[in-house]
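Take a look at the structure below.
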Amino acid sequence: MTSHTQAGRNEFPTTSWTLVVAAGDPARQDCRDALVRLCEHYWYPVYAYVRRRGYSREEAQDLFVRILEGRYLDRADPNLGRFRSFLLNSCKFFLADQADRARAQKRGSGAILQFEVASGEERYRFEPLDNETPEHIFERRWALMLLDRAVSCLRDEFHQHGSHGDFEKLKVFVLGQAEVPYAELAREMGATEGGLKVAIHRLRKRYRVLLLREIAETVADPAEVDSEIRFLFSALKGGN
């Protein structure tokens, strides 16, 4: 087992606001690519929000892309707040705008999200059936999305180093679901108990770095990362 920290890597790359600016400018060559990336990264919290507002799964799919393709992206200003807040407010404004809804047209949304529709509805079936507000479900799913993205990045790093099997055994210690004693798992992996503890410590440390990176991509000012972390874990309270 080895450390998977990538030396010299920029842990806080360009934020998602860069994608928003690109997607909101039709004159840019990368406009469509930026829109696709935004959809791939952030579609499910919006999908769950729209579904909880009473729309069908087909409407939820279409509305998300029209929200991003509509006139809201060109209003985006990274200096005004977090990307999470901008996206949620864009949803609210769009759904409240009867004129936009009356002009409902599918403008290529299937090409972006068609592969996600079935999985989105399958995930939505497991959302709480209580009176949880659309806003809360959006915020909780936003938090879970960032956690999942950090885990996915960590898995990719292990895979690149040919240690995918190690990750599948160790990830429970990152997710707080471990039930296997250290000694037993160390024997299974052919390591010492001390070596396993070091590997788990490094894994958790790397996970925190990746999670901070994911969060940093959604805020305009790195100084906002700590408060965003507090918000995310507050949003997770009350179930997942």
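Just remember, in the structure tokens the first chain shown is A, the second B, etc., residues are 1-based per chain, and ligands are 1-based in the order shown.
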
Do a neighbour search on stretch 184-194 of chain A at 12 Å with only C-alpha atoms, toss out local chain neighbours closer than 3 positions, and write the hits as an MDAnalysis selection string. chainID A and resid 1:2 163 165:170 172:173 178:181 197:201

Mind running stretch 124-201 of chain A against stretch 33-56 of chain A at 9 Å and telling me each contacting residue's nearest atom pair with the distance in Å (one decimal), counting only C-alpha atoms, chain and number ascending, as a Markdown table?
```
| residue | atom | partner | partner_atom | distance |
| --- | --- | --- | --- | --- |
| A:Tyr124 | CA | A:Ala48 | CA | 6.4 |
| A:Glu127 | CA | A:Ala48 | CA | 8.5 |
| A:Glu132 | CA | A:Arg52 | CA | 8.7 |
| A:Thr133 | CA | A:Arg52 | CA | 7.6 |
| A:Pro134 | CA | A:Tyr49 | CA | 4.9 |
| A:Glu135 | CA | A:Tyr49 | CA | 6.7 |
| A:His136 | CA | A:Tyr49 | CA | 8.5 |
| A:Ile137 | CA | A:Tyr49 | CA | 6.3 |
| A:Phe138 | CA | A:Pro45 | CA | 4.9 |
| A:Glu139 | CA | A:Pro45 | CA | 7.4 |
| A:Arg140 | CA | A:Pro45 | CA | 8.1 |
| A:Arg141 | CA | A:Pro45 | CA | 5.1 |
| A:Trp142 | CA | A:Pro45 | CA | 5.5 |
| A:Met145 | CA | A:Pro45 | CA | 7.8 |
| A:Arg149 | CA | A:His41 | CA | 8.7 |
```

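Going from atom CA of A:Leu210 to atom CA of A:Ser234 covers 19.5 Å.
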
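Going from atom CA of A:Phe86 to atom CA of A:Leu232 covers 15.7 Å.
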
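Atom CA of A:Ala235 to atom CA of A:Asn131 spans 15.7 Å [interatomic distance, one decimal].
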
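Restricting the calculation to only C-alpha atoms, the smallest distance between A:Trp17 and any of A:Val225, A:Ala96, A:Leu87, A:Val174 is found for A:Leu87.
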